[in-house]
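A.B. asks: The following file, run05.cif, comprises mmCIF, N, CA and C atoms:
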```
data_start
#
loop_
_atom_site.label_atom_id
_atom_site.label_comp_id
_atom_site.auth_asym_id
_atom_site.auth_seq_id
_atom_site.Cartn_x
_atom_site.Cartn_y
_atom_site.Cartn_z
N ASP A 1 10.24 -29.27 -25.48
CA ASP A 1 10.16 -30.52 -24.75
C ASP A 1 9.52 -30.34 -23.38
N MET A 2 9.53 -29.12 -22.88
CA MET A 2 9.00 -28.86 -21.54
C MET A 2 7.60 -28.26 -21.58
N GLY A 3 6.96 -28.25 -22.74
CA GLY A 3 5.59 -27.79 -22.83
C GLY A 3 5.40 -26.32 -23.10
N VAL A 4 6.47 -25.59 -23.32
CA VAL A 4 6.35 -24.16 -23.63
C VAL A 4 5.79 -24.01 -25.03
N LYS A 5 4.67 -23.31 -25.13
CA LYS A 5 4.01 -23.18 -26.42
C LYS A 5 4.14 -21.79 -27.03
N GLN A 6 4.36 -20.78 -26.21
CA GLN A 6 4.49 -19.42 -26.70
C GLN A 6 5.77 -18.80 -26.17
N VAL A 7 6.52 -18.17 -27.06
CA VAL A 7 7.75 -17.49 -26.66
C VAL A 7 7.73 -16.11 -27.33
N PHE A 8 7.56 -15.07 -26.51
CA PHE A 8 7.54 -13.69 -27.01
C PHE A 8 8.92 -13.06 -26.86
N ILE A 9 9.20 -12.10 -27.71
CA ILE A 9 10.44 -11.34 -27.60
C ILE A 9 10.09 -9.85 -27.60
N ASP A 10 10.77 -9.11 -26.75
CA ASP A 10 10.59 -7.66 -26.66
C ASP A 10 11.35 -7.04 -27.82
N THR A 11 10.62 -6.37 -28.71
CA THR A 11 11.19 -5.88 -29.96
C THR A 11 11.14 -4.36 -30.06
N ASP A 12 11.37 -3.65 -29.00
CA ASP A 12 11.29 -2.18 -29.05
C ASP A 12 11.70 -1.63 -30.41
N GLY A 13 10.90 -0.69 -30.89
CA GLY A 13 11.19 -0.08 -32.18
C GLY A 13 10.66 -0.91 -33.34
N ASP A 14 11.24 -0.69 -34.51
CA ASP A 14 10.78 -1.35 -35.74
C ASP A 14 11.56 -2.65 -35.94
N ALA A 15 10.92 -3.76 -35.69
CA ALA A 15 11.56 -5.07 -35.81
C ALA A 15 11.11 -5.83 -37.05
N ARG A 16 10.38 -5.17 -37.95
CA ARG A 16 9.82 -5.89 -39.09
C ARG A 16 10.86 -6.62 -39.93
N ILE A 17 12.03 -6.05 -40.07
CA ILE A 17 13.06 -6.67 -40.91
C ILE A 17 13.57 -7.99 -40.32
N ILE A 18 13.50 -8.14 -39.01
CA ILE A 18 14.03 -9.38 -38.40
C ILE A 18 12.94 -10.38 -38.01
N ILE A 19 11.68 -10.03 -38.19
CA ILE A 19 10.61 -10.95 -37.80
C ILE A 19 10.71 -12.31 -38.49
N PRO A 20 10.99 -12.38 -39.79
CA PRO A 20 11.12 -13.71 -40.40
C PRO A 20 12.17 -14.59 -39.69
N GLU A 21 13.29 -14.00 -39.31
CA GLU A 21 14.32 -14.77 -38.61
C GLU A 21 13.87 -15.15 -37.20
N LEU A 22 13.16 -14.24 -36.52
CA LEU A 22 12.65 -14.55 -35.19
C LEU A 22 11.71 -15.75 -35.24
N VAL A 23 10.83 -15.76 -36.25
CA VAL A 23 9.89 -16.88 -36.41
C VAL A 23 10.66 -18.18 -36.68
N LYS A 24 11.66 -18.11 -37.55
CA LYS A 24 12.48 -19.30 -37.83
C LYS A 24 13.17 -19.82 -36.57
N CYS A 25 13.53 -18.90 -35.67
CA CYS A 25 14.21 -19.28 -34.43
C CYS A 25 13.25 -19.80 -33.37
N GLY A 26 11.96 -19.76 -33.65
CA GLY A 26 10.99 -20.32 -32.71
C GLY A 26 10.21 -19.32 -31.89
N PHE A 27 10.45 -18.03 -32.08
CA PHE A 27 9.64 -17.04 -31.37
C PHE A 27 8.24 -17.03 -31.96
N THR A 28 7.24 -17.00 -31.10
CA THR A 28 5.86 -17.04 -31.56
C THR A 28 5.15 -15.69 -31.42
N GLY A 29 5.80 -14.73 -30.75
CA GLY A 29 5.16 -13.45 -30.55
C GLY A 29 6.14 -12.31 -30.35
N VAL A 30 5.66 -11.11 -30.66
CA VAL A 30 6.44 -9.89 -30.48
C VAL A 30 5.64 -8.90 -29.64
N LEU A 31 6.38 -8.10 -28.91
CA LEU A 31 5.79 -7.03 -28.14
C LEU A 31 6.82 -5.94 -27.96
N PRO A 32 6.44 -4.70 -27.91
CA PRO A 32 5.13 -4.14 -27.69
C PRO A 32 4.42 -3.61 -28.93
N CYS A 33 4.83 -3.90 -30.14
CA CYS A 33 4.19 -3.39 -31.37
C CYS A 33 4.01 -1.87 -31.29
N GLU A 34 5.13 -1.19 -31.35
CA GLU A 34 5.14 0.27 -31.25
C GLU A 34 4.63 0.90 -32.53
N ILE A 35 3.51 1.59 -32.44
CA ILE A 35 2.88 2.21 -33.60
C ILE A 35 3.80 3.24 -34.26
N LYS A 36 4.39 4.11 -33.48
CA LYS A 36 5.26 5.17 -34.01
C LYS A 36 6.43 4.58 -34.80
N ALA A 37 6.86 3.37 -34.47
CA ALA A 37 7.97 2.71 -35.16
C ALA A 37 7.51 1.92 -36.38
N GLY A 38 6.20 1.88 -36.64
CA GLY A 38 5.69 1.15 -37.80
C GLY A 38 5.24 -0.27 -37.51
N MET A 39 5.19 -0.64 -36.25
CA MET A 39 4.81 -2.01 -35.87
C MET A 39 3.29 -2.12 -35.69
N ASP A 40 2.57 -2.04 -36.77
CA ASP A 40 1.11 -2.13 -36.75
C ASP A 40 0.70 -3.58 -36.57
N PRO A 41 0.02 -3.92 -35.48
CA PRO A 41 -0.31 -5.33 -35.23
C PRO A 41 -1.23 -5.93 -36.29
N GLY A 42 -2.12 -5.15 -36.86
CA GLY A 42 -2.99 -5.67 -37.91
C GLY A 42 -2.19 -6.08 -39.14
N ALA A 43 -1.29 -5.22 -39.56
CA ALA A 43 -0.44 -5.52 -40.72
C ALA A 43 0.48 -6.71 -40.44
N LEU A 44 1.02 -6.76 -39.22
CA LEU A 44 1.88 -7.89 -38.86
C LEU A 44 1.11 -9.20 -38.86
N ARG A 45 -0.09 -9.18 -38.34
CA ARG A 45 -0.91 -10.39 -38.29
C ARG A 45 -1.28 -10.86 -39.70
N GLU A 46 -1.51 -9.91 -40.60
CA GLU A 46 -1.82 -10.29 -41.99
C GLU A 46 -0.60 -10.92 -42.66
N GLN A 47 0.57 -10.33 -42.43
CA GLN A 47 1.78 -10.82 -43.07
C GLN A 47 2.28 -12.13 -42.45
N TYR A 48 2.11 -12.28 -41.14
CA TYR A 48 2.60 -13.46 -40.42
C TYR A 48 1.44 -14.09 -39.65
N PRO A 49 0.64 -14.93 -40.28
CA PRO A 49 -0.58 -15.45 -39.67
C PRO A 49 -0.38 -16.23 -38.37
N THR A 50 0.80 -16.78 -38.14
CA THR A 50 1.01 -17.54 -36.91
C THR A 50 1.62 -16.70 -35.78
N LEU A 51 2.00 -15.47 -36.09
CA LEU A 51 2.65 -14.61 -35.11
C LEU A 51 1.64 -13.99 -34.15
N CYS A 52 1.96 -14.01 -32.88
CA CYS A 52 1.16 -13.32 -31.87
C CYS A 52 1.73 -11.92 -31.66
N CYS A 53 0.86 -10.97 -31.42
CA CYS A 53 1.30 -9.60 -31.22
C CYS A 53 0.65 -9.03 -29.96
N ARG A 54 1.43 -8.25 -29.22
CA ARG A 54 0.90 -7.54 -28.07
C ARG A 54 1.30 -6.08 -28.17
N GLY A 55 0.38 -5.20 -27.82
CA GLY A 55 0.65 -3.76 -27.88
C GLY A 55 -0.24 -3.12 -28.91
N GLY A 56 0.29 -2.12 -29.59
CA GLY A 56 -0.43 -1.50 -30.69
C GLY A 56 -1.40 -0.40 -30.34
N ILE A 57 -1.71 -0.19 -29.07
CA ILE A 57 -2.55 0.94 -28.70
C ILE A 57 -1.60 2.11 -28.47
N ASN A 58 -1.65 3.08 -29.34
CA ASN A 58 -0.70 4.19 -29.32
C ASN A 58 -0.75 4.96 -28.00
N LYS A 59 0.37 4.96 -27.32
CA LYS A 59 0.45 5.65 -26.02
C LYS A 59 0.20 7.14 -26.16
N LEU A 60 0.51 7.72 -27.33
CA LEU A 60 0.27 9.15 -27.54
C LEU A 60 -1.22 9.43 -27.64
N ALA A 61 -1.98 8.49 -28.21
CA ALA A 61 -3.44 8.64 -28.26
C ALA A 61 -4.01 8.55 -26.85
N MET A 62 -3.42 7.72 -26.01
CA MET A 62 -3.89 7.64 -24.63
C MET A 62 -3.63 8.95 -23.90
N ALA A 63 -2.49 9.57 -24.17
CA ALA A 63 -2.19 10.85 -23.53
C ALA A 63 -3.17 11.93 -24.00
N LYS A 64 -3.56 11.89 -25.28
CA LYS A 64 -4.54 12.86 -25.80
C LYS A 64 -5.92 12.58 -25.25
N GLY A 65 -6.27 11.30 -25.15
CA GLY A 65 -7.58 10.91 -24.63
C GLY A 65 -8.69 11.17 -25.63
N GLY A 66 -9.92 11.18 -25.15
CA GLY A 66 -11.09 11.50 -25.95
C GLY A 66 -11.19 10.73 -27.24
N LYS A 67 -11.50 11.46 -28.31
CA LYS A 67 -11.71 10.85 -29.64
C LYS A 67 -10.45 10.16 -30.16
N ALA A 68 -9.28 10.73 -29.87
CA ALA A 68 -8.03 10.11 -30.34
C ALA A 68 -7.89 8.69 -29.79
N LEU A 69 -8.18 8.52 -28.52
CA LEU A 69 -8.09 7.20 -27.90
C LEU A 69 -9.19 6.28 -28.41
N GLU A 70 -10.38 6.81 -28.58
CA GLU A 70 -11.50 6.01 -29.11
C GLU A 70 -11.20 5.51 -30.52
N GLN A 71 -10.63 6.38 -31.36
CA GLN A 71 -10.28 5.98 -32.72
C GLN A 71 -9.19 4.91 -32.72
N GLU A 72 -8.24 5.04 -31.80
CA GLU A 72 -7.17 4.05 -31.70
C GLU A 72 -7.73 2.66 -31.38
N PHE A 73 -8.65 2.59 -30.43
CA PHE A 73 -9.27 1.31 -30.09
C PHE A 73 -10.06 0.76 -31.29
N GLU A 74 -10.78 1.62 -31.96
CA GLU A 74 -11.56 1.15 -33.11
C GLU A 74 -10.65 0.56 -34.18
N ILE A 75 -9.54 1.23 -34.47
CA ILE A 75 -8.61 0.73 -35.48
C ILE A 75 -8.08 -0.64 -35.08
N ARG A 76 -7.59 -0.78 -33.86
CA ARG A 76 -6.97 -2.04 -33.45
C ARG A 76 -7.98 -3.18 -33.35
N PHE A 77 -9.18 -2.88 -32.86
CA PHE A 77 -10.16 -3.95 -32.72
C PHE A 77 -10.81 -4.32 -34.04
N ARG A 78 -10.76 -3.45 -35.02
CA ARG A 78 -11.33 -3.78 -36.33
C ARG A 78 -10.29 -4.39 -37.26
N THR A 79 -9.04 -4.41 -36.85
CA THR A 79 -8.00 -5.01 -37.70
C THR A 79 -7.35 -6.18 -36.96
N ALA A 80 -6.42 -5.90 -36.08
CA ALA A 80 -5.65 -6.96 -35.42
C ALA A 80 -6.53 -7.90 -34.60
N TRP A 81 -7.47 -7.36 -33.84
CA TRP A 81 -8.33 -8.20 -32.99
C TRP A 81 -9.10 -9.20 -33.85
N ASP A 82 -9.60 -8.75 -34.97
CA ASP A 82 -10.37 -9.63 -35.84
C ASP A 82 -9.53 -10.78 -36.41
N LEU A 83 -8.22 -10.59 -36.49
CA LEU A 83 -7.34 -11.63 -37.01
C LEU A 83 -6.90 -12.63 -35.96
N GLY A 84 -7.16 -12.30 -34.69
CA GLY A 84 -6.77 -13.20 -33.61
C GLY A 84 -5.29 -13.10 -33.28
N ARG A 85 -4.87 -13.86 -32.27
CA ARG A 85 -3.48 -13.87 -31.82
C ARG A 85 -2.99 -12.46 -31.50
N TYR A 86 -3.87 -11.63 -30.96
CA TYR A 86 -3.53 -10.25 -30.64
C TYR A 86 -3.98 -9.91 -29.23
N ILE A 87 -3.06 -9.35 -28.46
CA ILE A 87 -3.36 -8.89 -27.10
C ILE A 87 -3.23 -7.37 -27.11
N PRO A 88 -4.34 -6.65 -27.11
CA PRO A 88 -4.24 -5.19 -27.13
C PRO A 88 -3.71 -4.65 -25.81
N SER A 89 -2.78 -3.73 -25.93
CA SER A 89 -2.22 -3.03 -24.77
C SER A 89 -1.48 -1.82 -25.30
N LEU A 90 -1.00 -0.97 -24.40
CA LEU A 90 -0.22 0.18 -24.86
C LEU A 90 0.97 -0.29 -25.66
N ASP A 91 1.37 0.53 -26.62
CA ASP A 91 2.47 0.14 -27.49
C ASP A 91 3.84 0.35 -26.86
N HIS A 92 3.87 0.77 -25.64
CA HIS A 92 5.10 0.88 -24.86
C HIS A 92 4.71 1.35 -23.48
N GLY A 93 5.66 1.64 -22.64
CA GLY A 93 5.35 2.11 -21.30
C GLY A 93 4.51 3.38 -21.34
N ALA A 94 3.67 3.53 -20.36
CA ALA A 94 2.79 4.71 -20.29
C ALA A 94 3.62 5.95 -19.95
N PRO A 95 3.54 6.99 -20.79
CA PRO A 95 4.28 8.21 -20.49
C PRO A 95 3.64 8.95 -19.30
N PRO A 96 4.41 9.82 -18.66
CA PRO A 96 3.91 10.49 -17.46
C PRO A 96 2.80 11.51 -17.70
N ASP A 97 2.56 11.87 -18.96
CA ASP A 97 1.54 12.89 -19.22
C ASP A 97 0.14 12.32 -19.42
N ILE A 98 -0.06 11.05 -19.08
CA ILE A 98 -1.40 10.46 -19.17
C ILE A 98 -2.16 10.80 -17.89
N SER A 99 -3.29 11.44 -18.09
CA SER A 99 -4.09 11.83 -16.92
C SER A 99 -4.85 10.62 -16.37
N TRP A 100 -5.28 10.75 -15.13
CA TRP A 100 -6.07 9.70 -14.49
C TRP A 100 -7.37 9.49 -15.27
N ASP A 101 -7.99 10.58 -15.72
CA ASP A 101 -9.23 10.46 -16.51
C ASP A 101 -8.99 9.69 -17.80
N ASN A 102 -7.86 9.94 -18.46
CA ASN A 102 -7.56 9.21 -19.69
C ASN A 102 -7.28 7.73 -19.41
N ALA A 103 -6.63 7.45 -18.30
CA ALA A 103 -6.37 6.06 -17.92
C ALA A 103 -7.70 5.34 -17.65
N ARG A 104 -8.62 6.00 -16.99
CA ARG A 104 -9.92 5.40 -16.73
C ARG A 104 -10.70 5.21 -18.04
N HIS A 105 -10.59 6.17 -18.94
CA HIS A 105 -11.26 6.06 -20.24
C HIS A 105 -10.69 4.88 -21.03
N TYR A 106 -9.37 4.71 -20.99
CA TYR A 106 -8.70 3.57 -21.62
C TYR A 106 -9.28 2.26 -21.08
N ALA A 107 -9.39 2.16 -19.76
CA ALA A 107 -9.91 0.93 -19.14
C ALA A 107 -11.35 0.66 -19.57
N ARG A 108 -12.17 1.71 -19.61
CA ARG A 108 -13.56 1.53 -20.05
C ARG A 108 -13.63 1.10 -21.51
N LEU A 109 -12.83 1.73 -22.36
CA LEU A 109 -12.81 1.36 -23.78
C LEU A 109 -12.35 -0.08 -23.95
N PHE A 110 -11.32 -0.45 -23.24
CA PHE A 110 -10.82 -1.83 -23.34
C PHE A 110 -11.92 -2.81 -22.98
N HIS A 111 -12.58 -2.57 -21.88
CA HIS A 111 -13.65 -3.47 -21.44
C HIS A 111 -14.78 -3.51 -22.48
N THR A 112 -15.17 -2.38 -22.99
CA THR A 112 -16.25 -2.31 -23.97
C THR A 112 -15.90 -3.07 -25.24
N TRP A 113 -14.70 -2.81 -25.78
CA TRP A 113 -14.32 -3.45 -27.03
C TRP A 113 -14.07 -4.94 -26.88
N LYS A 114 -13.52 -5.38 -25.77
CA LYS A 114 -13.27 -6.82 -25.62
C LYS A 114 -14.58 -7.58 -25.48
N GLU A 115 -15.59 -6.93 -24.90
CA GLU A 115 -16.89 -7.57 -24.75
C GLU A 115 -17.66 -7.59 -26.07
N SER A 116 -17.45 -6.56 -26.91
CA SER A 116 -18.19 -6.46 -28.16
C SER A 116 -17.28 -5.91 -29.25
N PRO A 117 -16.47 -6.78 -29.88
CA PRO A 117 -15.52 -6.31 -30.89
C PRO A 117 -16.17 -5.69 -32.13
N GLU A 118 -17.48 -5.74 -32.24
CA GLU A 118 -18.14 -5.07 -33.35
C GLU A 118 -18.18 -3.57 -33.09
N GLY A 119 -17.90 -3.18 -31.87
CA GLY A 119 -17.89 -1.76 -31.53
C GLY A 119 -18.87 -1.45 -30.43
N PRO A 120 -18.63 -0.35 -29.74
CA PRO A 120 -19.54 0.03 -28.67
C PRO A 120 -20.90 0.45 -29.18
N THR A 121 -21.90 0.19 -28.41
CA THR A 121 -23.24 0.65 -28.76
C THR A 121 -23.57 1.84 -27.87
N GLU A 122 -24.02 2.86 -28.49
CA GLU A 122 -24.32 4.08 -27.73
C GLU A 122 -25.71 4.03 -27.17
#
```
Kindly present the structure from the file in structure tokens form.

C.D. replies:
Amino acid sequence: DMGVKQVFIDTDGDARIIIPELVKCGFTGVLPCEIKAGMDPGALREQYPTLCCRGGINKLAMAKGGKALEQEFEIRFRTAWDLGRYIPSLDHGAPPDISWDNARHYARLFHTWKESPEGPTE
């Protein structure tokens, strides 16, 4: 009645079993879509077309950096991003072992993929 259109719930861990009930209760989105817990945003978006998802970029891939992080972005932007209703971000809080260089690489990848979801051009 007050114009609220989106209501997200913080679902740390694997919330797949309760998502149908959350949707029935009026929640429109889940976060942070923890990859290690099985919360793949692409799979969730396929199963629940009206559900919004945030997260899904594996924080462990960010800590590794390089190709691991690049592959993570490619997976998420070729699946969940293409389905819409997806806000890519780390799948949980950033662990302390993420280097400044990896954080900068994450930011560059995010910018590149959001501008061209078909993938970066070399």

A.B. asks: Quick one: residues within 6 Å of Ala63 of chain A, only N, CA and C atoms, excluding same-chain residues fewer than 5 positions away - as a count of residues only?

C.D. replies: 3

A.B. asks: I need the residue set behind the PyMOL selection byres ((chain A and resi 37-44) around 6) for this file; please write it as a PyMOL selection string.

C.D. replies: chain A and resi 13-14+33-36+45-49+56+79-80

A.B. asks: I need the residues of segment 18-114 of chain A that end up classed as strand (DSSP E or B) by DSSP on the backbone, written out as a PyMOL selection string.

C.D. replies: chain A and resi 29-31+52-57+86-90

A.B. asks: Identify all residues satisfying the PyMOL selection byres ((chain A and resi 31) around 8) in the given file; provide them as JSON, numbers by chain.

C.D. replies: {"A": [8, 9, 10, 11, 12, 13, 29, 30, 32, 33, 34, 52, 53, 54, 55, 56, 91, 92]}

A.B. asks: Centre and edge lengths of an axis-aligned box around all listed atoms of segment 74-82 of chain A, with 5 Å added on each side, are to be given in Å to one decimal, as AutoDock Vina command-line options.

C.D. replies:
```
--center_x -8.6 --center_y -4.6 --center_z -34.8 --size_x 15.9 --size_y 22.4 --size_z 15.7
```

A.B. asks: Any idea what the distance is between atom CA of Asn58 of chain A and atom CA of Ala94 of chain A?

C.D. replies: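 That distance, rounded to one decimal, is 9.7 Å.
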
A.B. asks: Nearest to Ile75 of chain A among A:Leu90, A:Met62, A:Ile17, A:Ile57, with distances taken over only C-alpha atoms: which residue is it?

C.D. replies: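 Smallest distance to Ile75 of chain A is found for A:Ile57.
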
A.B. asks: Mind pulling up the distance from atom CA of Thr28 of chain A to atom CA of Ser116 of chain A?

C.D. replies: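 Distance between the two atoms: 26.5 Å.
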
A.B. asks: Could you tell me how far atom C of Arg76 of chain A lies from atom N of Leu60 of chain A, in Å and to one decimal?

C.D. replies: 15.1 Å

A.B. asks: Within 10 Å of Phe77 of chain A, counting only C-alpha atoms, which residues qualify if same-chain residues fewer than 6 places away don't, as a VMD selection string?

C.D. replies: chain A and resid 42 57 71 83 to 84 86 88 110 113 to 114 116 to 119

A.B. asks: Give me, as a PyMOL selection string, the residues of segment 3-67 of chain A that a backbone DSSP run labels alpha helix (DSSP H).

C.D. replies: chain A and resi 19-24+41-47+59-64+66-67

A.B. asks: Which residues are near His105 of chain A? Cut-off 8 Å, all atoms listed in the file, ignore same chain within fewer than 5 positions. Put them as an mmCIF file with N, CA and C atoms, in the coordinates of the input.

C.D. replies:
```cif
data_model
loop_
_atom_site.group_PDB
_atom_site.id
_atom_site.type_symbol
_atom_site.label_atom_id
_atom_site.label_comp_id
_atom_site.auth_asym_id
_atom_site.auth_seq_id
_atom_site.Cartn_x
_atom_site.Cartn_y
_atom_site.Cartn_z
ATOM 1 N N GLY A 65 -6.270 11.300 -25.150
ATOM 2 C CA GLY A 65 -7.580 10.910 -24.630
ATOM 3 C C GLY A 65 -8.690 11.170 -25.630
ATOM 4 N N GLY A 66 -9.920 11.180 -25.150
ATOM 5 C CA GLY A 66 -11.090 11.500 -25.950
ATOM 6 C C GLY A 66 -11.190 10.730 -27.240
ATOM 7 N N LEU A 69 -8.180 8.520 -28.520
ATOM 8 C CA LEU A 69 -8.090 7.200 -27.900
ATOM 9 C C LEU A 69 -9.190 6.280 -28.410
ATOM 10 N N GLU A 70 -10.380 6.810 -28.580
ATOM 11 C CA GLU A 70 -11.500 6.010 -29.110
ATOM 12 C C GLU A 70 -11.200 5.510 -30.520
ATOM 13 N N SER A 99 -3.290 11.440 -18.090
ATOM 14 C CA SER A 99 -4.090 11.830 -16.920
ATOM 15 C C SER A 99 -4.850 10.620 -16.370
ATOM 16 N N TRP A 100 -5.280 10.750 -15.130
ATOM 17 C CA TRP A 100 -6.070 9.700 -14.490
ATOM 18 C C TRP A 100 -7.370 9.490 -15.270
ATOM 19 N N PHE A 110 -11.320 -0.450 -23.240
ATOM 20 C CA PHE A 110 -10.820 -1.830 -23.340
ATOM 21 C C PHE A 110 -11.920 -2.810 -22.980
ATOM 22 N N HIS A 111 -12.580 -2.570 -21.880
ATOM 23 C CA HIS A 111 -13.650 -3.470 -21.440
ATOM 24 C C HIS A 111 -14.780 -3.510 -22.480
#
```

A.B. asks: Please, could all heavy atoms be added to segment 108-116 of chain A and the result written as a compact mmCIF listing (two decimals), keeping the file's coordinate frame?

C.D. replies:
```txt
# COMPACT_ATOMS: atom_id res chain seq x y z
N ARG A 108 -12.17 1.71 -19.61
CA ARG A 108 -13.56 1.53 -20.05
C ARG A 108 -13.63 1.10 -21.51
O ARG A 108 -14.40 0.21 -21.87
CB ARG A 108 -14.35 2.82 -19.83
CG ARG A 108 -14.74 3.08 -18.38
CD ARG A 108 -15.74 4.23 -18.25
NE ARG A 108 -15.23 5.49 -18.74
CZ ARG A 108 -14.55 6.38 -18.01
NH1 ARG A 108 -14.31 6.14 -16.73
NH2 ARG A 108 -14.13 7.51 -18.53
N LEU A 109 -12.83 1.73 -22.36
CA LEU A 109 -12.81 1.36 -23.78
C LEU A 109 -12.35 -0.08 -23.95
O LEU A 109 -12.94 -0.83 -24.74
CB LEU A 109 -11.89 2.29 -24.56
CG LEU A 109 -12.42 3.69 -24.82
CD1 LEU A 109 -11.30 4.59 -25.36
CD2 LEU A 109 -13.59 3.66 -25.79
N PHE A 110 -11.32 -0.45 -23.24
CA PHE A 110 -10.82 -1.83 -23.34
C PHE A 110 -11.92 -2.81 -22.98
O PHE A 110 -12.18 -3.78 -23.71
CB PHE A 110 -9.60 -2.02 -22.44
CG PHE A 110 -8.98 -3.37 -22.61
CD1 PHE A 110 -8.02 -3.58 -23.58
CD2 PHE A 110 -9.37 -4.44 -21.83
CE1 PHE A 110 -7.45 -4.83 -23.76
CE2 PHE A 110 -8.82 -5.70 -22.00
CZ PHE A 110 -7.85 -5.89 -22.97
N HIS A 111 -12.58 -2.57 -21.88
CA HIS A 111 -13.65 -3.47 -21.44
C HIS A 111 -14.78 -3.51 -22.48
O HIS A 111 -15.27 -4.59 -22.83
CB HIS A 111 -14.19 -3.02 -20.09
CG HIS A 111 -15.33 -3.86 -19.61
ND1 HIS A 111 -15.16 -5.15 -19.14
CD2 HIS A 111 -16.66 -3.61 -19.55
CE1 HIS A 111 -16.34 -5.66 -18.83
NE2 HIS A 111 -17.25 -4.74 -19.06
N THR A 112 -15.17 -2.38 -22.99
CA THR A 112 -16.25 -2.31 -23.97
C THR A 112 -15.90 -3.07 -25.24
O THR A 112 -16.68 -3.88 -25.73
CB THR A 112 -16.57 -0.84 -24.31
OG1 THR A 112 -17.00 -0.18 -23.12
CG2 THR A 112 -17.66 -0.73 -25.37
N TRP A 113 -14.70 -2.81 -25.78
CA TRP A 113 -14.32 -3.45 -27.03
C TRP A 113 -14.07 -4.94 -26.88
O TRP A 113 -14.38 -5.72 -27.77
CB TRP A 113 -13.10 -2.76 -27.63
CG TRP A 113 -13.46 -1.52 -28.39
CD1 TRP A 113 -13.40 -0.23 -27.93
CD2 TRP A 113 -13.93 -1.44 -29.73
NE1 TRP A 113 -13.81 0.63 -28.90
CE2 TRP A 113 -14.14 -0.08 -30.03
CE3 TRP A 113 -14.20 -2.39 -30.71
CZ2 TRP A 113 -14.60 0.36 -31.26
CZ3 TRP A 113 -14.66 -1.95 -31.94
CH2 TRP A 113 -14.87 -0.60 -32.21
N LYS A 114 -13.52 -5.38 -25.77
CA LYS A 114 -13.27 -6.82 -25.62
C LYS A 114 -14.58 -7.58 -25.48
O LYS A 114 -14.68 -8.73 -25.88
CB LYS A 114 -12.33 -7.12 -24.47
CG LYS A 114 -12.94 -7.04 -23.10
CD LYS A 114 -12.02 -7.60 -22.04
CE LYS A 114 -12.63 -7.54 -20.69
NZ LYS A 114 -13.87 -8.25 -20.51
N GLU A 115 -15.59 -6.93 -24.90
CA GLU A 115 -16.89 -7.57 -24.75
C GLU A 115 -17.66 -7.59 -26.07
O GLU A 115 -18.47 -8.49 -26.30
CB GLU A 115 -17.72 -6.85 -23.68
CG GLU A 115 -17.16 -7.02 -22.27
CD GLU A 115 -17.13 -8.47 -21.82
OE1 GLU A 115 -18.08 -9.21 -22.09
OE2 GLU A 115 -16.11 -8.85 -21.18
N SER A 116 -17.45 -6.56 -26.91
CA SER A 116 -18.19 -6.46 -28.16
C SER A 116 -17.28 -5.91 -29.25
O SER A 116 -17.28 -4.71 -29.52
CB SER A 116 -19.40 -5.54 -27.98
OG SER A 116 -20.10 -5.41 -29.20
```
